[in-house]
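Dropping final_33.csv in here (CSV, C-alpha atoms):
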chain,number,residue,atom,x,y,z
I,5,LYS,CA,-21.6,28.0,165.4
I,6,GLN,CA,-19.7,30.7,167.3
I,7,GLU,CA,-16.0,31.0,166.4
I,8,VAL,CA,-13.5,32.9,168.5
I,9,THR,CA,-10.1,34.0,167.2
I,10,GLN,CA,-7.3,35.5,169.1
I,11,ILE,CA,-4.4,37.4,167.4
I,12,PRO,CA,-1.5,37.2,167.8
I,13,ALA,CA,-1.0,33.6,169.0
I,14,ALA,CA,2.2,34.6,170.7
I,15,LEU,CA,3.7,37.9,171.8
I,16,SER,CA,7.0,38.8,173.4
I,17,VAL,CA,7.6,42.3,174.7
I,18,PRO,CA,10.2,44.0,177.0
I,19,GLU,CA,9.1,44.9,180.5
I,20,GLY,CA,7.3,48.2,180.8
I,21,GLU,CA,5.8,48.2,177.4
I,22,ASN,CA,2.0,48.7,176.8
I,23,LEU,CA,0.4,46.0,174.7
I,24,VAL,CA,-2.9,45.0,173.2
I,25,LEU,CA,-4.4,41.6,172.7
I,26,ASN,CA,-7.2,41.0,170.3
I,27,CYS,CA,-10.2,38.8,170.3
I,28,SER,CA,-12.8,38.5,167.5
I,29,PHE,CA,-16.0,36.5,167.4
I,30,THR,CA,-18.4,35.6,164.6
I,31,ASP,CA,-21.8,35.8,166.3
I,32,SER,CA,-22.7,39.1,168.0
I,33,ALA,CA,-25.6,37.5,169.9
I,34,ILE,CA,-23.6,37.1,173.2
I,35,TYR,CA,-24.4,37.7,176.8
I,36,ASN,CA,-21.0,38.7,177.8
I,37,LEU,CA,-17.2,38.4,177.1
I,38,GLN,CA,-14.7,37.4,179.7
I,39,TRP,CA,-10.9,37.6,179.7
I,40,PHE,CA,-8.8,35.0,181.5
I,41,ARG,CA,-5.2,34.2,182.1
I,42,GLN,CA,-3.8,30.8,182.4
I,43,ASP,CA,-0.4,29.9,183.8
I,44,PRO,CA,1.3,26.7,182.6
I,45,GLY,CA,-0.5,23.6,183.7
I,46,LYS,CA,-3.0,25.5,185.8
I,47,GLY,CA,-6.6,26.5,185.7
I,48,LEU,CA,-7.9,29.8,184.5
I,49,THR,CA,-8.1,33.1,186.4
I,50,SER,CA,-10.8,35.5,185.5
I,51,LEU,CA,-9.5,39.0,184.7
I,52,LEU,CA,-12.4,41.0,183.4
I,53,LEU,CA,-16.1,40.4,182.5
I,54,ILE,CA,-17.8,42.7,180.1
I,55,GLN,CA,-21.6,42.4,179.8
I,56,SER,CA,-23.0,42.7,176.3
I,57,SER,CA,-24.5,46.1,177.2
I,58,GLN,CA,-21.1,47.5,178.3
I,59,ARG,CA,-18.3,49.0,176.2
I,60,GLU,CA,-15.4,48.5,178.6
I,61,GLN,CA,-14.1,47.3,182.0
I,62,THR,CA,-11.0,48.3,183.9
I,63,SER,CA,-9.1,46.6,186.6
I,64,GLY,CA,-5.8,48.0,187.7
I,65,ARG,CA,-3.4,47.9,184.7
I,66,LEU,CA,-5.9,46.0,182.6
I,67,ASN,CA,-8.6,47.5,180.3
I,68,ALA,CA,-10.9,45.5,178.2
I,69,SER,CA,-13.2,46.9,175.5
I,70,LEU,CA,-16.1,45.3,173.6
I,71,ASP,CA,-17.6,46.2,170.3
I,72,LYS,CA,-20.4,43.7,169.9
I,73,SER,CA,-21.5,44.9,166.5
I,74,SER,CA,-18.1,44.3,164.9
I,75,GLY,CA,-17.4,41.2,166.9
I,76,ARG,CA,-14.3,42.5,168.6
I,77,SER,CA,-12.7,42.8,172.0
I,78,THR,CA,-9.3,44.1,173.1
I,79,LEU,CA,-7.4,43.6,176.3
I,80,TYR,CA,-5.0,46.4,177.0
I,81,ILE,CA,-2.2,45.8,179.5
I,82,ALA,CA,-0.3,48.9,180.7
I,83,ALA,CA,3.3,48.9,181.9
I,84,SER,CA,3.8,45.1,181.4
I,85,GLN,CA,5.7,43.2,184.0
I,86,PRO,CA,7.4,39.7,183.9
I,87,GLY,CA,4.6,38.4,186.2
I,88,ASP,CA,2.1,39.1,183.3
I,89,SER,CA,3.7,36.3,181.3
I,90,ALA,CA,0.9,33.8,180.8
I,91,THR,CA,-1.6,32.7,178.2
I,92,TYR,CA,-4.5,35.0,177.8
I,93,LEU,CA,-7.9,33.6,176.7
I,94,CYS,CA,-11.1,35.3,175.8
I,95,ALA,CA,-14.5,33.6,176.0
I,96,VAL,CA,-17.9,34.7,174.8
I,97,SER,CA,-21.1,33.3,176.2
I,98,GLY,CA,-24.2,32.5,174.3
I,99,ASN,CA,-25.9,29.3,175.2
I,100,GLN,CA,-22.5,28.1,176.2
I,101,PHE,CA,-19.0,29.5,176.6
I,102,TYR,CA,-16.8,29.6,173.5
I,103,PHE,CA,-13.1,30.1,174.1
I,104,GLY,CA,-10.5,31.5,171.8
I,105,THR,CA,-7.2,29.7,171.2
I,106,GLY,CA,-5.3,32.2,173.4
I,107,THR,CA,-2.3,34.5,173.1
I,108,SER,CA,0.9,33.4,174.8
I,109,LEU,CA,2.5,36.5,176.3
I,110,THR,CA,6.1,36.7,177.4
I,111,VAL,CA,7.3,39.8,179.2
I,112,ILE,CA,11.1,40.0,179.1
I,113,PRO,CA,12.8,41.6,182.1
K,16,LYS,CA,-14.1,31.7,200.7
K,17,ALA,CA,-12.6,28.5,199.3
K,18,GLY,CA,-12.2,28.3,195.6
K,19,VAL,CA,-13.3,25.6,193.1
K,20,THR,CA,-11.7,22.3,194.0
K,21,GLN,CA,-11.1,19.3,191.7
K,22,THR,CA,-10.1,15.8,192.5
K,23,PRO,CA,-8.0,14.0,191.7
K,24,ARG,CA,-5.4,16.3,190.3
K,25,TYR,CA,-3.7,13.7,188.2
K,26,LEU,CA,-5.0,10.4,186.8
K,27,ILE,CA,-3.4,7.7,184.6
K,28,LYS,CA,-5.7,5.2,183.0
K,29,THR,CA,-5.6,2.7,180.2
K,30,ARG,CA,-7.7,2.5,177.1
K,31,GLY,CA,-11.1,1.0,177.6
K,32,GLN,CA,-11.3,1.9,181.3
K,33,GLN,CA,-13.7,4.5,182.7
K,34,VAL,CA,-13.0,7.4,185.0
K,35,THR,CA,-14.9,9.7,187.3
K,36,LEU,CA,-13.7,13.3,188.1
K,37,SER,CA,-15.1,15.4,190.8
K,38,CYS,CA,-15.7,19.1,191.2
K,39,SER,CA,-16.7,21.1,194.2
K,40,PRO,CA,-17.9,24.6,193.4
K,41,ILE,CA,-17.5,27.8,195.4
K,42,SER,CA,-20.0,27.8,198.3
K,43,GLY,CA,-23.3,29.2,197.1
K,44,HIS,CA,-22.6,28.7,193.4
K,45,ARG,CA,-25.3,26.6,191.7
K,46,SER,CA,-23.8,26.2,188.3
K,47,VAL,CA,-20.9,23.9,187.3
K,48,SER,CA,-19.5,23.7,183.8
K,49,TRP,CA,-17.0,21.2,182.5
K,50,TYR,CA,-14.3,21.8,179.8
K,51,GLN,CA,-11.7,19.7,178.1
K,52,GLN,CA,-8.4,21.4,177.2
K,53,THR,CA,-6.0,19.9,174.7
K,54,PRO,CA,-3.1,21.4,172.8
K,55,GLY,CA,-4.8,20.8,169.5
K,56,GLN,CA,-8.4,21.8,170.2
K,57,GLY,CA,-7.9,24.3,173.0
K,58,LEU,CA,-10.7,24.7,175.5
K,59,GLN,CA,-13.9,23.0,174.6
K,60,PHE,CA,-17.2,23.1,176.5
K,61,LEU,CA,-18.5,19.7,177.6
K,62,PHE,CA,-21.7,20.5,179.6
K,63,GLU,CA,-23.2,22.7,182.3
K,64,TYR,CA,-25.2,21.7,185.3
K,65,PHE,CA,-27.4,24.0,187.2
K,66,SER,CA,-29.5,22.9,190.2
K,67,GLU,CA,-29.0,19.3,189.4
K,68,THR,CA,-30.1,19.7,185.8
K,69,GLN,CA,-28.0,19.6,182.6
K,70,ARG,CA,-28.6,23.0,181.0
K,71,ASN,CA,-26.3,22.9,178.0
K,72,LYS,CA,-24.2,20.3,176.3
K,73,GLY,CA,-21.2,20.6,173.9
K,74,ASN,CA,-20.4,18.4,171.0
K,75,PHE,CA,-18.9,15.4,172.7
K,76,PRO,CA,-19.9,11.7,172.3
K,77,GLY,CA,-22.2,10.0,174.8
K,78,ARG,CA,-19.2,8.5,176.6
K,79,PHE,CA,-18.9,11.8,178.4
K,80,SER,CA,-21.6,12.2,181.0
K,81,GLY,CA,-22.0,14.1,184.2
K,82,ARG,CA,-24.3,14.8,187.1
K,83,GLN,CA,-24.8,17.3,189.9
K,84,PHE,CA,-25.8,16.6,193.4
K,85,SER,CA,-28.0,18.6,195.7
K,86,ASN,CA,-25.0,20.3,197.3
K,87,SER,CA,-23.9,21.5,193.8
K,88,ARG,CA,-20.9,19.2,193.7
K,89,SER,CA,-20.6,17.7,190.3
K,90,GLU,CA,-19.0,14.6,188.8
K,91,MET,CA,-18.0,13.9,185.2
K,92,ASN,CA,-17.6,10.4,183.9
K,93,VAL,CA,-15.9,9.2,180.8
K,94,SER,CA,-16.5,5.6,179.8
K,95,THR,CA,-14.4,3.4,177.4
K,96,LEU,CA,-11.4,5.7,177.5
K,97,GLU,CA,-9.6,6.5,174.3
K,98,LEU,CA,-6.1,7.8,173.8
K,99,GLY,CA,-7.6,11.1,172.5
K,100,ASP,CA,-9.3,11.6,175.9
K,101,SER,CA,-5.9,12.6,177.4
K,102,ALA,CA,-6.4,16.2,178.4
K,103,LEU,CA,-6.7,18.7,181.2
K,104,TYR,CA,-10.3,18.7,182.4
K,105,LEU,CA,-11.4,21.9,184.0
K,106,CYS,CA,-14.5,22.7,185.9
K,107,ALA,CA,-15.9,26.2,186.5
K,108,SER,CA,-18.6,27.4,188.9
K,109,SER,CA,-20.8,30.5,188.9
K,110,LEU,CA,-23.7,31.8,190.9
K,111,THR,CA,-26.3,31.4,188.2
K,112,SER,CA,-26.2,29.7,184.8
K,113,GLY,CA,-22.7,30.2,183.5
K,114,ALA,CA,-23.6,31.1,180.0
K,115,GLY,CA,-26.2,33.6,181.1
K,116,GLY,CA,-23.8,36.3,182.3
K,117,ASP,CA,-22.0,35.4,185.5
K,118,THR,CA,-18.3,35.3,186.0
K,119,GLN,CA,-17.0,31.8,185.9
K,120,TYR,CA,-14.4,30.7,188.4
K,121,PHE,CA,-12.2,27.8,187.4
K,122,GLY,CA,-10.6,25.0,189.4
K,123,PRO,CA,-7.0,23.9,188.9
K,124,GLY,CA,-8.0,21.0,186.7
K,125,THR,CA,-7.6,17.2,186.5
K,126,ARG,CA,-4.8,16.0,184.2
K,127,LEU,CA,-6.0,12.7,182.6
K,128,THR,CA,-3.5,10.6,180.8
K,129,VAL,CA,-4.8,7.6,178.8
K,130,LEU,CA,-2.2,4.9,177.9
As structure tokens, please, write out the structure in this file.
Amino acid sequence: KQEVTQIPAALSVPEGENLVLNCSFTDSAIYNLQWFRQDPGKGLTSLLLIQSSQREQTSGRLNASLDKSSGRSTLYIAASQPGDSATYLCAVSGNQFYFGTGTSLTVIP
Amino acid sequence: KAGVTQTPRYLIKTRGQQVTLSCSPISGHRSVSWYQQTPGQGLQFLFEYFSETQRNKGNFPGRFSGRQFSNSRSEMNVSTLELGDSALYLCASSLTSGAGGDTQYFGPGTRLTVL
């Protein structure tokens, strides 16, 4: 069974700092990997989708990489802002979606 | 284009009752997936429907069931509610089968409380 782990579980950084969130998965037979953010009590917002054949995707201040062979993905957030405070989840898709437990990010003004 | 909508947003039920949740996908999307989110277990996949057929199913008891209509709207039913069913239930829609490679778009969720 696919297991998805996210480290760290929580992260607090001052505004303006660059940061990296990590996601690892045990089964490399995936179709894609998707990063989401979730604000308290709300649904998930898709940030980036990386197909299994791709190495990275970029959107604005966000860059996600995928190393399928090692079972790892990273989400890089440049010049963090207080509005980036949220829980970040990664999900891998095989025959279903498997979610990590998330990283709770707090950006301090 | 309207996003994924879920109704109701909040529900309070008592043990033993049953509940039906509804999800309307983004127009044109044919896949709807359901998830349960709890503080202890995180986000867990319940099932996915595509073109009115269940495509995949997670590891949940038979009390959890669903269906999809010809307009792609989906309902999820939970019978004989237990305290542990208290959770945020999220649905997500995608153009094609969600697990196959499309971006999933999530609704705001239905918060179910079982007393």
Counting all atoms listed in the file, which residues from chain I have an atom at most 8 Å from any atom of chain K, and could you show them as a list in words? Tyr35, Asn36, Gln38, Lys46, Gly47, Leu48, Thr49, Ser50, Leu53, Gln55, Ser97, Gly98, Asn99, Gln100, Phe101, Tyr102, Phe103, Gly104 and Thr105 of chain I
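With all atoms listed in the file as the basis for measurement, K:Met91 is the residue among K:Met91, K:Ala102, K:Val129, K:Leu96 that approaches Ser37 in chain K most closely.
Note that the spacing between CA of Lys72 in chain I and CA of Tyr92 in chain I amounts to 19.8 Å.
For the atom pair formed by CA of Val24 in chain I and CA of Asn67 in chain I, the distance is 9.4 Å, given to one decimal.
Distance check against Arg24 in chain K using all atoms listed in the file: of I:Pro12, I:Gly45, I:Gly20, I:Leu37, the minimum falls on I:Gly45.
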Counting all atoms listed in the file, the option among K:Ser42, K:Gln51, K:Asn92, K:Asn74 closest to Leu110 in chain K: K:Ser42
May I have the residues within 12 Å of Gly75 in chain I as a list in words, using all atoms listed in the file and disregarding those fewer than 5 positions away in the same chain? Gln6, Glu7, Val8, Thr9, Gln10, Asn26, Cys27, Ser28, Phe29, Thr30, Asp31, Ser32, Ala33, Ile34, Asn36, Leu37, Ser56, Ser69, Leu70 and Val96 of chain I
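Straight-line separation from CA of Val17 in chain I to CA of Arg76 in chain I: 22.7 Å.
Contact shell of Thr62 in chain I at 12 Å (all atoms listed in the file; same-chain neighbours under 6 positions omitted): Trp39, Leu51, Leu52, Leu53, Ile54, Ala68, Ser69, Leu70, Thr78, Leu79, Tyr80, Ile81 and Ala82 of chain I.
Nearest to Asp88 in chain I of all the residues I:Ser73, I:Thr110, I:Ser16, I:Gln58 is I:Thr110, based on all atoms listed in the file.
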Near-Val34 in chain K list (12 Å; all atoms listed in the file; drop same-chain fewer than 3 positions) as number ranges by chain: K: 22-23, 25-31, 37, 78-81, 90-97, 100-101, 104, 125-129
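Take the candidates K:Gln52, K:Ser109, K:Gly99, K:Ser39 and check each one against Ser85 in chain K using all atoms listed in the file; the shortest distance goes to K:Ser39.
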